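**Q** My structure file target.cif, mmCIF, C-alpha atoms, is below:
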data_input
loop_
_atom_site.label_atom_id
_atom_site.label_comp_id
_atom_site.auth_asym_id
_atom_site.auth_seq_id
_atom_site.Cartn_x
_atom_site.Cartn_y
_atom_site.Cartn_z
CA THR A 1 96.82 60.66 113.96
CA SER A 2 97.47 63.37 116.51
CA LEU A 3 100.82 65.15 116.35
CA ASP A 4 100.58 66.38 119.93
CA PRO A 5 103.94 64.84 120.98
CA MET A 6 105.79 66.65 118.19
CA VAL A 7 104.08 69.99 118.80
CA CYS A 8 104.62 69.76 122.55
CA ALA A 9 108.31 68.98 122.00
CA LEU A 10 108.73 71.94 119.66
CA ALA A 11 106.92 74.28 122.05
CA SER A 12 109.32 73.37 124.85
CA LEU A 13 112.47 74.22 122.88
CA PRO A 14 114.16 77.36 124.29
CA THR A 15 115.13 78.46 120.76
CA MET A 16 111.74 77.91 119.14
CA TYR A 17 110.72 81.43 118.09
CA TYR A 18 108.56 80.95 114.97
CA LEU A 19 106.15 78.07 114.48
CA SER A 20 103.73 77.56 111.58
CA LEU A 21 101.24 74.67 111.66
CA ASP A 22 99.41 73.60 108.50
CA GLN A 23 96.77 70.83 108.60
CA VAL A 24 98.31 69.44 111.76
CA PRO A 25 95.91 67.45 113.98
CA ILE A 26 96.34 68.68 117.53
CA SER A 27 94.32 68.75 120.75
CA VAL A 28 94.09 70.68 123.99
CA GLN A 29 97.38 69.11 125.04
CA SER A 30 99.28 70.88 122.24
CA MET A 31 97.47 74.16 122.83
CA LYS A 32 98.44 74.12 126.50
CA ALA A 33 102.05 73.46 125.54
CA LEU A 34 102.02 76.39 123.13
CA ALA A 35 100.52 78.62 125.83
CA ARG A 36 103.30 77.58 128.23
CA SER A 37 106.11 78.27 125.75
CA SER A 38 108.48 80.91 127.08
CA SER A 39 110.30 81.44 123.79
CA LEU A 40 107.62 81.42 121.07
CA LYS A 41 107.24 84.82 119.41
CA ASP A 42 105.24 84.05 116.28
CA LEU A 43 102.55 81.38 115.85
CA SER A 44 100.44 80.49 112.79
CA PHE A 45 97.58 78.06 112.20
CA TYR A 46 96.45 77.20 108.65
CA ASN A 47 93.66 74.87 107.49
CA MET A 48 93.05 73.45 110.98
CA PRO A 49 89.29 73.53 111.76
CA GLU A 50 89.80 71.20 114.72
CA ILE A 51 91.44 74.00 116.74
CA ARG A 52 87.97 75.46 117.31
CA ASN A 53 87.72 72.97 120.18
CA CYS A 54 90.89 74.15 121.90
CA ILE A 55 91.84 77.66 120.66
CA SER A 56 90.16 79.11 123.77
CA VAL A 57 93.07 77.76 125.84
CA LEU A 58 95.55 79.94 123.97
CA LEU A 59 93.23 82.95 123.81
CA THR A 60 92.60 82.79 127.54
CA ALA A 61 96.35 82.64 128.11
CA LEU A 62 96.77 85.79 126.07
CA GLN A 63 94.13 87.75 127.97
CA GLN A 64 96.62 88.59 130.71
CA LYS A 65 94.03 88.94 133.43
CA GLU A 66 95.09 89.77 136.92
CA PRO A 67 95.03 86.97 139.50
CA GLY A 68 91.54 86.53 140.90
CA GLN A 69 89.77 87.60 137.70
CA GLU A 70 89.61 84.07 136.32
CA SER A 71 86.73 81.78 137.06
CA SER A 72 87.08 79.76 140.24
CA SER A 73 85.91 76.72 138.30
CA SER A 74 88.95 76.79 136.05
CA SER A 75 90.84 73.49 136.39
CA TRP A 76 94.09 74.81 134.98
CA ASN A 77 96.33 77.08 137.04
CA ARG A 78 96.64 80.52 135.43
CA SER A 79 100.33 80.61 136.25
CA HIS A 80 100.78 78.35 133.22
CA TYR A 81 99.52 81.19 131.03
CA ASN A 82 102.18 83.72 131.91
CA ALA A 83 104.75 82.57 129.33
CA ALA A 84 102.66 82.98 126.17
CA ALA A 85 101.11 86.21 127.41
CA ALA A 86 104.55 87.74 127.85
CA THR A 87 106.38 86.53 124.76
CA LEU A 88 104.02 85.99 121.81
CA ARG A 89 104.21 88.89 119.33
CA GLY A 90 102.46 87.51 116.26
CA LEU A 91 99.39 85.28 115.82
CA ARG A 92 97.79 84.16 112.54
CA ILE A 93 94.70 81.97 112.17
CA ARG A 94 93.54 81.28 108.61
CA SER A 95 91.11 78.79 107.10
CA CYS A 96 90.27 77.27 110.49
CA ASN A 97 86.47 77.75 110.26
CA LEU A 98 86.27 80.06 113.25
CA GLN A 99 82.75 81.20 114.14
CA ASP A 100 81.19 84.04 116.15
CA GLN A 101 82.15 82.53 119.50
CA GLU A 102 85.86 82.34 118.69
CA ALA A 103 85.84 85.78 117.06
CA HIS A 104 84.27 87.34 120.17
CA HIS A 105 86.89 85.61 122.33
CA ILE A 106 89.67 87.08 120.19
CA ALA A 107 88.17 90.56 120.64
CA ARG A 108 87.96 90.09 124.43
CA MET A 109 91.55 88.91 124.48
CA LEU A 110 92.70 92.07 122.69
CA GLN A 111 91.16 94.29 125.36
CA SER A 112 93.69 93.18 127.95
CA ASN A 113 96.56 91.73 125.91
CA ARG A 114 99.78 93.76 126.01
CA SER A 115 102.16 91.55 124.03
CA LEU A 116 100.71 90.93 120.55
CA GLU A 117 101.92 93.29 117.86
CA SER A 118 100.46 91.48 114.83
CA LEU A 119 97.13 89.63 114.63
CA VAL A 120 95.61 88.02 111.54
CA PHE A 121 92.44 85.95 111.79
CA TYR A 122 89.76 84.83 109.35
CA CYS A 123 86.39 83.54 110.49
CA ASP A 124 83.45 82.03 108.62
CA SER A 125 80.97 84.31 110.35
CA TRP A 126 80.90 87.16 112.83
CA GLU A 127 77.64 89.03 113.20
CA ASN A 128 77.73 92.54 114.70
CA TYR A 129 81.52 92.60 114.64
CA GLY A 130 81.81 96.35 115.13
CA ALA A 131 81.01 96.57 118.85
CA PRO A 132 83.48 93.91 120.07
CA MET A 133 86.24 95.17 117.80
CA GLY A 134 85.57 98.73 118.87
CA ALA A 135 85.81 97.69 122.53
CA ALA A 136 89.11 95.93 121.85
CA LEU A 137 90.67 98.84 119.96
CA ARG A 138 89.61 101.36 122.63
CA THR A 139 91.99 99.80 125.16
CA ASN A 140 94.70 97.96 123.24
CA THR A 141 98.02 99.83 123.15
CA THR A 142 100.48 97.36 121.60
CA LEU A 143 98.87 95.97 118.43
CA LYS A 144 100.54 97.38 115.29
CA ARG A 145 98.97 95.25 112.57
CA LEU A 146 95.42 93.87 112.45
CA GLU A 147 93.95 91.86 109.58
CA ILE A 148 90.40 90.48 109.84
CA GLY A 149 88.50 88.37 107.33
CA ILE A 150 84.79 87.63 107.77
CA GLY A 151 82.89 85.20 105.56
CA ASN A 152 83.90 83.68 102.24
CA THR A 153 86.72 86.12 101.52
CA ASP A 154 89.85 85.69 99.47
CA ASP A 155 92.83 86.33 101.74
CA ASN A 156 95.42 85.76 99.03
CA ASP A 157 95.82 89.43 98.17
CA ALA A 158 95.81 90.55 101.77
CA ALA A 159 99.53 89.84 101.88
CA ALA A 160 99.95 93.35 100.45
CA LEU A 161 99.63 94.57 104.01
CA VAL A 162 102.60 92.55 105.27
CA THR A 163 104.91 94.90 107.15
CA ASP A 164 108.61 95.38 106.59
CA GLU A 165 109.35 93.60 109.86
CA GLU A 166 107.49 90.49 108.69
CA GLN A 167 109.13 90.51 105.27
CA GLY A 168 112.49 90.31 107.02
CA ALA A 169 111.44 87.80 109.66
CA GLN A 170 113.85 85.06 110.65
CA GLN A 171 113.41 81.49 109.52
CA GLN A 172 110.53 79.68 111.18
CA VAL A 173 109.60 76.03 111.55
CA ALA A 174 106.62 75.06 109.40
CA ILE A 175 104.91 71.72 109.84
CA HIS A 176 102.69 70.43 107.02
CA ASN A 177 100.51 67.37 107.16
CA ASP A 178 99.55 66.67 103.55
CA ASN A 179 98.37 63.29 102.29
CA ASP A 180 99.37 61.63 105.56
CA SER A 181 102.99 62.78 105.25
CA VAL A 182 104.74 65.17 107.60
CA THR A 183 107.55 67.49 106.53
CA SER A 184 109.40 70.35 108.13
CA ASP A 185 110.98 73.28 106.36
CA GLY A 186 112.22 76.80 106.99
CA ALA A 187 109.50 78.74 105.17
CA ASP A 188 109.34 82.49 105.39
CA GLU A 189 106.10 84.16 106.49
CA ALA A 190 105.78 85.75 103.06
CA ASP A 191 105.31 82.24 101.65
CA ARG A 192 102.55 81.42 104.12
CA ASN A 193 100.17 84.13 102.95
CA THR A 194 98.66 82.20 100.04
CA TYR A 195 96.22 79.92 101.81
CA ALA A 196 92.59 79.64 100.86
CA SER A 197 90.05 81.50 102.93
CA PRO A 198 87.20 79.92 104.93
CA SER A 199 84.69 78.16 102.73
CA SER A 200 81.42 78.93 104.52
CA PRO A 201 79.87 82.24 103.43
CA ARG A 202 78.48 84.71 105.91
CA PRO A 203 74.65 84.89 105.81
CA ASP A 204 73.55 87.67 103.52
CA ASP A 205 71.12 89.33 105.89
CA ASP A 206 72.34 92.89 106.16
CA ASP A 207 71.54 95.95 104.12
CA GLY A 208 74.70 97.91 104.81
CA HIS A 209 73.64 99.37 108.15
CA ASP A 210 75.63 96.76 110.09
CA HIS A 211 78.77 97.87 108.28
CA GLU A 212 77.98 101.52 108.91
CA ARG A 213 77.61 100.82 112.63
CA ALA A 214 80.81 98.78 112.61
CA ALA A 215 82.68 101.56 110.82
CA ASN A 216 81.57 104.10 113.41
CA GLU A 217 82.44 101.78 116.32
CA ILE A 218 85.94 101.03 115.03
CA ALA A 219 86.65 104.61 113.96
CA GLN A 220 85.49 106.02 117.29
CA ALA A 221 87.70 103.55 119.16
CA LEU A 222 90.78 104.58 117.19
CA LYS A 223 89.88 108.21 117.76
CA VAL A 224 89.52 108.12 121.54
CA ASN A 225 92.42 105.71 122.16
CA THR A 226 95.29 108.19 122.00
CA SER A 227 97.75 105.46 123.04
CA THR A 228 96.97 103.11 120.16
CA ALA A 229 99.97 101.72 118.28
CA LEU A 230 97.95 100.42 115.30
CA ARG A 231 99.71 101.21 112.01
CA HIS A 232 98.17 98.73 109.56
CA LEU A 233 94.52 97.69 109.32
CA CYS A 234 93.00 95.27 106.80
CA LEU A 235 89.33 94.28 106.74
CA CYS A 236 88.02 91.68 104.26
CA LEU A 237 84.24 91.13 104.15
CA ALA A 238 82.41 88.57 102.04
CA ASN A 239 79.08 90.22 101.33
CA PRO A 240 79.39 93.95 100.63
CA SER A 241 80.86 95.28 97.43
CA GLY A 242 83.78 97.66 97.32
CA ASN A 243 81.33 100.54 96.86
CA GLU A 244 79.37 99.56 99.98
CA ILE A 245 82.58 99.41 101.99
CA TYR A 246 83.52 102.85 100.66
CA ASN A 247 80.16 104.35 101.64
CA SER A 248 80.28 102.81 105.12
CA TYR A 249 83.90 103.35 106.12
CA MET A 250 85.40 106.34 104.35
CA GLY A 251 83.42 109.03 106.19
CA PRO A 252 84.02 107.81 109.77
CA PHE A 253 87.64 106.95 109.04
CA GLY A 254 88.29 110.34 107.45
CA ASP A 255 87.03 112.05 110.60
CA MET A 256 88.99 109.70 112.84
CA LEU A 257 92.27 110.26 110.99
CA GLU A 258 92.12 113.98 111.68
CA THR A 259 93.29 113.19 115.22
CA ASN A 260 94.76 109.70 114.82
CA PHE A 261 98.50 110.00 114.23
CA THR A 262 99.59 106.35 113.99
CA LEU A 263 97.52 104.60 111.29
CA GLU A 264 99.59 104.41 108.10
CA SER A 265 97.85 101.91 105.82
CA LEU A 266 94.30 100.69 105.23
CA LEU A 267 93.00 97.90 103.03
CA PHE A 268 89.27 97.24 102.64
CA GLN A 269 88.01 94.31 100.60
CA GLY A 270 84.33 93.76 99.87
CA GLY A 271 83.51 90.51 98.12
CA ASN A 272 86.12 90.10 95.40
CA THR A 273 86.92 93.79 95.00
CA PHE A 274 89.04 96.22 96.95
CA SER A 275 87.58 99.56 97.92
CA VAL A 276 89.20 102.67 96.53
CA MET A 277 90.51 105.13 99.08
CA ASP A 278 88.81 108.44 99.78
CA PRO A 279 91.21 111.36 99.02
CA LYS A 280 90.85 112.68 102.56
CA VAL A 281 91.64 109.30 104.08
CA GLY A 282 94.56 108.82 101.71
CA PHE A 283 95.98 112.23 102.56
CA TYR A 284 95.93 111.61 106.33
CA LEU A 285 97.53 108.20 105.86
CA LYS A 286 100.22 109.93 103.83
CA LEU A 287 100.82 112.40 106.66
CA ASN A 288 101.16 109.59 109.18
CA GLN A 289 103.63 107.81 106.91
CA ARG A 290 105.75 110.93 106.44
CA THR A 291 109.09 110.71 108.18
CA GLY A 292 109.79 113.65 110.41
CA PHE A 293 106.19 114.91 110.42
CA ASN A 294 104.90 114.43 113.95
CA ARG A 295 101.33 115.74 113.92
CA GLN A 296 100.78 114.85 117.56
CA LYS A 297 103.69 117.04 118.63
CA LEU A 298 102.48 119.88 116.41
CA PHE A 299 98.98 119.91 117.89
CA GLN A 300 100.37 119.85 121.41
CA GLU A 301 102.49 122.87 120.51
CA VAL A 302 99.81 124.95 118.78
CA LYS A 303 97.65 124.99 121.90
CA ARG A 304 100.09 127.41 123.52
CA GLN A 305 101.09 129.50 120.52
CA ASP A 306 100.06 132.84 119.12
CA ASN A 307 101.66 135.23 116.62
CA THR A 308 104.03 136.63 119.21
CA SER A 309 105.35 133.27 120.36
CA VAL A 310 105.96 132.13 116.79
CA ILE A 311 107.89 135.27 115.87
CA THR A 312 109.85 135.33 119.14
CA ALA A 313 110.88 131.69 118.74
CA VAL A 314 112.37 132.41 115.32
CA LYS A 315 114.06 135.70 116.24
CA PHE A 316 115.91 134.06 119.09
CA ASN A 317 116.71 130.94 117.07
CA LYS A 318 114.51 128.76 119.25
CA SER A 319 113.15 125.57 117.78
CA ASN A 320 109.56 125.84 116.61
CA PRO A 321 108.08 122.56 115.36
CA TRP A 322 105.51 124.25 113.10
CA LEU A 323 108.09 126.34 111.28
CA ASP A 324 110.47 123.38 111.15
CA ALA A 325 107.72 121.25 109.55
CA LEU A 326 106.87 124.03 107.10
CA ILE A 327 110.47 124.31 105.97
CA ARG A 328 111.12 120.58 105.87
CA HIS A 329 108.06 119.87 103.67
CA ARG A 330 108.02 123.06 101.60
CA ASP A 331 108.15 121.06 98.35
CA ASP A 332 104.79 119.38 99.03
CA LEU A 333 101.97 121.87 98.47
CA SER A 334 99.31 119.64 100.02
CA ILE A 335 101.26 119.44 103.29
CA ILE A 336 101.97 123.18 103.19
CA PHE A 337 98.26 123.91 102.85
CA TYR A 338 97.48 121.52 105.70
CA ILE A 339 100.04 123.11 108.02
CA LEU A 340 98.85 126.65 107.28
CA SER A 341 95.19 125.69 107.68
CA LYS A 342 95.88 124.23 111.12
CA ASN A 343 98.10 127.10 112.29
CA PRO A 344 97.21 130.29 110.37
CA ASN A 345 99.62 132.30 112.54
CA LEU A 346 102.39 131.01 110.29
CA ILE A 347 100.98 133.00 107.36
CA VAL A 348 101.78 136.20 109.25
CA ALA A 349 104.89 135.12 111.12
CA GLY A 350 106.68 132.88 108.65
CA PRO A 351 107.48 135.15 105.67
CA ALA A 352 108.29 138.08 107.97
CA VAL A 353 111.01 136.44 109.98
CA HIS A 354 112.32 133.33 108.27
CA PRO A 355 114.16 133.62 104.90
CA CYS A 356 114.12 129.85 104.34
CA LEU A 357 110.42 130.04 103.64
CA PHE A 358 111.12 131.90 100.39
CA THR A 359 113.62 129.47 98.87
CA LEU A 360 112.60 127.81 95.64
CA SER A 361 111.88 124.11 95.45
CA PRO A 362 114.09 122.02 93.13
CA ALA A 363 111.16 121.75 90.73
CA ALA A 364 110.73 125.51 90.43
CA THR A 365 110.96 126.99 86.93
CA ALA A 366 112.54 130.22 85.77
CA ASP A 367 109.12 131.91 85.84
CA ASP A 368 108.85 131.07 89.53
CA LYS A 369 111.90 133.10 90.54
CA GLY A 370 111.19 135.61 93.21
CA LYS A 371 107.67 134.38 93.83
CA LYS A 372 106.69 133.60 97.38
CA HIS A 373 105.40 130.16 98.27
CA PHE A 374 102.98 131.58 100.82
CA PRO A 375 100.39 134.34 100.72
CA SER A 376 101.16 137.59 102.51
CA ASN A 377 98.77 140.10 104.02
#
What does the file become when written as structure tokens?

**A**
Amino acid sequence: TSLDPMVCALASLPTMYYLSLDQVPISVQSMKALARSSSLKDLSFYNMPEIRNCISVLLTALQQKEPGQESSSSSWNRSHYNAAAATLRGLRIRSCNLQDQEAHHIARMLQSNRSLESLVFYCDSWENYGAPMGAALRTNTTLKRLEIGIGNTDDNDAAALVTDEEQGAQQQVAIHNDNDSVTSDGADEADRNTYASPSSPRPDDDDGHDHERAANEIAQALKVNTSTALRHLCLCLANPSGNEIYNSYMGPFGDMLETNFTLESLLFQGGNTFSVMDPKVGFYLKLNQRTGFNRQKLFQEVKRQDNTSVITAVKFNKSNPWLDALIRHRDDLSIIFYILSKNPNLIVAGPAVHPCLFTLSPAATADDKGKKHFPSN
């Protein structure tokens, strides 16, 4: 029995902010109502394979195309789409048997969408996923969290990537349709992350090169898109092992993170194992997580600095972000080495003009007294 009347009623409520649907039979009617909702901020679908026939309605609404870009054959006025495109911040689709067509539509939607901040979707198959995801991430400027599952993956452990904002999310309405009974409760999103993954495995027809191409596409997109807001990325793939994921992704992502200043956490799952993190990748993620360490500002500043400007800034008590960063993080040798390697002028200027650079860290021992933390010429 369709629950369209209930879903449509909930979507029209002005105070309906969070809605989670689990095994709820709906049709295009419900999807249009959800797309028209002017209050809905977070929407989840679980175990609902029937939405394959109507999810395009919502995805098209979220594409935020300018008037005139839509097909003239469209029978539904695009003005109905404006509400969802402007308000929806989170979308989750799990165990809904999505295929390549729906996955490609999601990627196209991300290219123009400017409202979603969190997107989680699992699909049974998605061949050549790198190019469409790369195209989406090259232009998207609002997405902060992205979690993708492809094939017969286990999405139970992917909840480790849940952000602090989601952990503290307000109560949401969750509708379950289990054994022909319907209940409503106020479940938190943290409780909704334990659903089974899609059951159909992805065809095992690649030898690792597809993942290498995908890694390069995605990494290049995050490198050239200097306006990206993406902080958390999770990728779960059915076929490759954790080692294959490591070999495909760690190199391109290490290079990308040299100039990407927003990405803070990565989670790669191949088959039933999680990939270990390359030390270089882990270090850059650590830098991006570090409070008060703005690498983007530092690199903008170093372009117009030389020895003289560094020394002059300190002598006249002017703020210098490189020296400030060096002082603030002087207890972390890895960050000190990174700062000095990127701006060697500090090796000459710092010890000569700034006494704070010689103070001992709290962990210093008696044998360390009087020793400089930095080399001198």

**Q** Between CA of Pro279 in chain A and CA of Gly242 in chain A, measure the distance and give it in Å to one decimal.

**A**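 Atom-to-atom, CA of Pro279 in chain A to CA of Gly242 in chain A, that is 15.7 Å.
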
**Q** Please measure the separation of CA of Leu19 in chain A and CA of Ser44 in chain A, giving the value in Å to one decimal.

**A**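 A separation of 6.4 Å between them.
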
**Q** Give me the residues within 10 Å of Leu116 in chain A as a PyMOL selection string, counting all atoms listed in the file and dropping any in the same chain fewer than 6 places off.

**A** chain A and resi 41-42+62+84-91+110+140-145

**Q** For CA of Gly270 in chain A and CA of Arg290 in chain A, determine how far apart the two atoms are, in Å to one decimal place.

**A**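 Computing it gives 28.2 Å between the two atoms.
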
**Q** Evaluate the PyMOL selection byres ((chain A and resi 216) around 9) on the structure here and hand back the selected residues as an mmCIF file with C-alpha atoms, in the frame of the given file.

**A**
data_model
loop_
_atom_site.group_PDB
_atom_site.id
_atom_site.type_symbol
_atom_site.label_atom_id
_atom_site.label_comp_id
_atom_site.auth_asym_id
_atom_site.auth_seq_id
_atom_site.Cartn_x
_atom_site.Cartn_y
_atom_site.Cartn_z
ATOM 1 C CA GLY A 130 81.810 96.350 115.130
ATOM 2 C CA GLY A 134 85.570 98.730 118.870
ATOM 3 C CA HIS A 211 78.770 97.870 108.280
ATOM 4 C CA GLU A 212 77.980 101.520 108.910
ATOM 5 C CA ARG A 213 77.610 100.820 112.630
ATOM 6 C CA ALA A 214 80.810 98.780 112.610
ATOM 7 C CA ALA A 215 82.680 101.560 110.820
ATOM 8 C CA GLU A 217 82.440 101.780 116.320
ATOM 9 C CA ILE A 218 85.940 101.030 115.030
ATOM 10 C CA ALA A 219 86.650 104.610 113.960
ATOM 11 C CA GLN A 220 85.490 106.020 117.290
ATOM 12 C CA ALA A 221 87.700 103.550 119.160
ATOM 13 C CA SER A 248 80.280 102.810 105.120
ATOM 14 C CA TYR A 249 83.900 103.350 106.120
ATOM 15 C CA GLY A 251 83.420 109.030 106.190
ATOM 16 C CA PRO A 252 84.020 107.810 109.770
ATOM 17 C CA PHE A 253 87.640 106.950 109.040
#

**Q** With only C-alpha atoms as the counted atoms, please give the residues lying no more than 6 Å from Gly271 in chain A, apart from itself and same-chain residues fewer than 5 positions off, as a list of chain:residue names.

**A** A:Ala238, A:Asn239, A:Pro240, A:Ser241

**Q** What would the selection look like, as a count of residues only, if the PyMOL selection byres ((chain A and resi 4) around 12) were run on the coordinates I just shared?

**A** 22
